[in-house]
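Asker: Okay, here's the structure, questions in a sec.
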Amino acid sequence: MKKLEDYVTSIPDFPKKGILFRDVTTIIQDKDGFKLAIDGLTDKIKDLDFDVIAGSESRGFIFGTPVAYNLNKGFVLFRKPGKLPREVVSADYELEYGTASLEVHKDAIKPGDRVVLVDDLIATGGTVEAMIKLVEELGGEVVKIIFVMELKGLKGRERLSGYDIESLIEYEGA
């Protein structure tokens with residue numbers, strides 16, 4: 001049986017020269033790779049006491065919703081500005097190549113909710129840091145953060161120190 005790493009395609013010099021891009025879409029498009037990823041993420045939290053899973057647009061949705069389904073939990077969407085119809089709270093954050101914002105419905109996280117965050121990749125940690133800020137602003141507690149891949153060279157884990165973080169695949173470089 002193949003390992004999850006075997007389903008990742010590495011693309012040199014994308015989006016710019018010197019970057020080795022790790023393409024998660026090749027995990028998603030293969031039924032066996034996708035199953036390995038979802039089962040691996042589910043295993044990381046199956047014995048954890050929590051209330052809801054949350055993920056950011058769009059790959060956090062792809063990986064987080066099947067995990068939520070597997071564990072009979074609800075799923076909270078963190079979206080780009082202007083996509084949610086009810087009252088929202090928002091946070092700006094920095095990406096590897098610029099800045100962005102995330103929003104979540106103001107009533108999506110209840111005070112005291114124990115929240116697991118799911119995403120495809122931790123690089124610099126900016127996206128997840130914004131999600132943490134919003135969860136805590138709404139009175140929730142982030143009890144675990146799980147990723148499919150981690151680019152250790154970009155030190156996102158250090159930026160999120162103090163939180164319980166696990167990744168299915170770790171790459172040493174950027």
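Ordered as shown in the structure tokens, chains take letters A, B, and onward, while each chain numbers its residues from 1 and ligands are numbered from 1 in the order shown.
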Pick out the residues sitting within 7 Å of Gly139 in chain A, and hand them over as a PyMOL selection string; count only C-alpha atoms, and ignore anything fewer than 5 positions along from it in its own chain.
Answerer: chain A and resi 110-112
Asker: Which residues come within 12 Å of Leu95 in chain A, counting only C-alpha atoms, excluding same-chain residues fewer than 6 positions away, as a ChimeraX atom specification?
Answerer: /A:101-102,122-130,154,156
Asker: Dump as a Markdown table the rows for residues of range 106-150 of chain A within 9 Å of range 12-25 of chain A: closest atom pair and distance in Å with one decimal, only C-alpha atoms counted, ordered by chain and rising residue number.
Answerer:
| residue | atom | partner | partner_atom | distance |
| --- | --- | --- | --- | --- |
| A:Asp120 | CA | A:Val24 | CA | 7.3 |
| A:Leu121 | CA | A:Val24 | CA | 8.5 |
| A:Val148 | CA | A:Val24 | CA | 8.4 |
| A:Met149 | CA | A:Val24 | CA | 8.3 |
Asker: Could you save the residues just selected, with C-alpha atoms, as a short mmCIF file (atom, residue, chain, number, x, y, z; two decimals), in the first residue's frame?
Answerer:
data_model
loop_
_atom_site.label_atom_id
_atom_site.label_comp_id
_atom_site.auth_asym_id
_atom_site.auth_seq_id
_atom_site.Cartn_x
_atom_site.Cartn_y
_atom_site.Cartn_z
CA ASP A 120 -4.49 21.16 4.08
CA LEU A 121 -1.20 22.90 4.81
CA VAL A 148 -2.41 17.19 5.86
CA MET A 149 1.03 18.72 5.18
#
Asker: Run DSSP on the backbone and tell me which residues of chain A come out as strand (DSSP E); list them as an MDAnalysis selection string.
Answerer: chainID A and resid 9:12 20:23 52:56 74:78 88:95 98:105 114:122 141:151 165:171
Asker: Name all residues at most 7 Å from Leu117 in chain A (count only C-alpha atoms; drop same-chain ones fewer than 6 positions away) and give them as a list in words.
Answerer: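 Neighbouring residues, sequence-local ones excluded: Ile53, Ala54, Gly55, Lys144, Ile145 and Ile146 of chain A.
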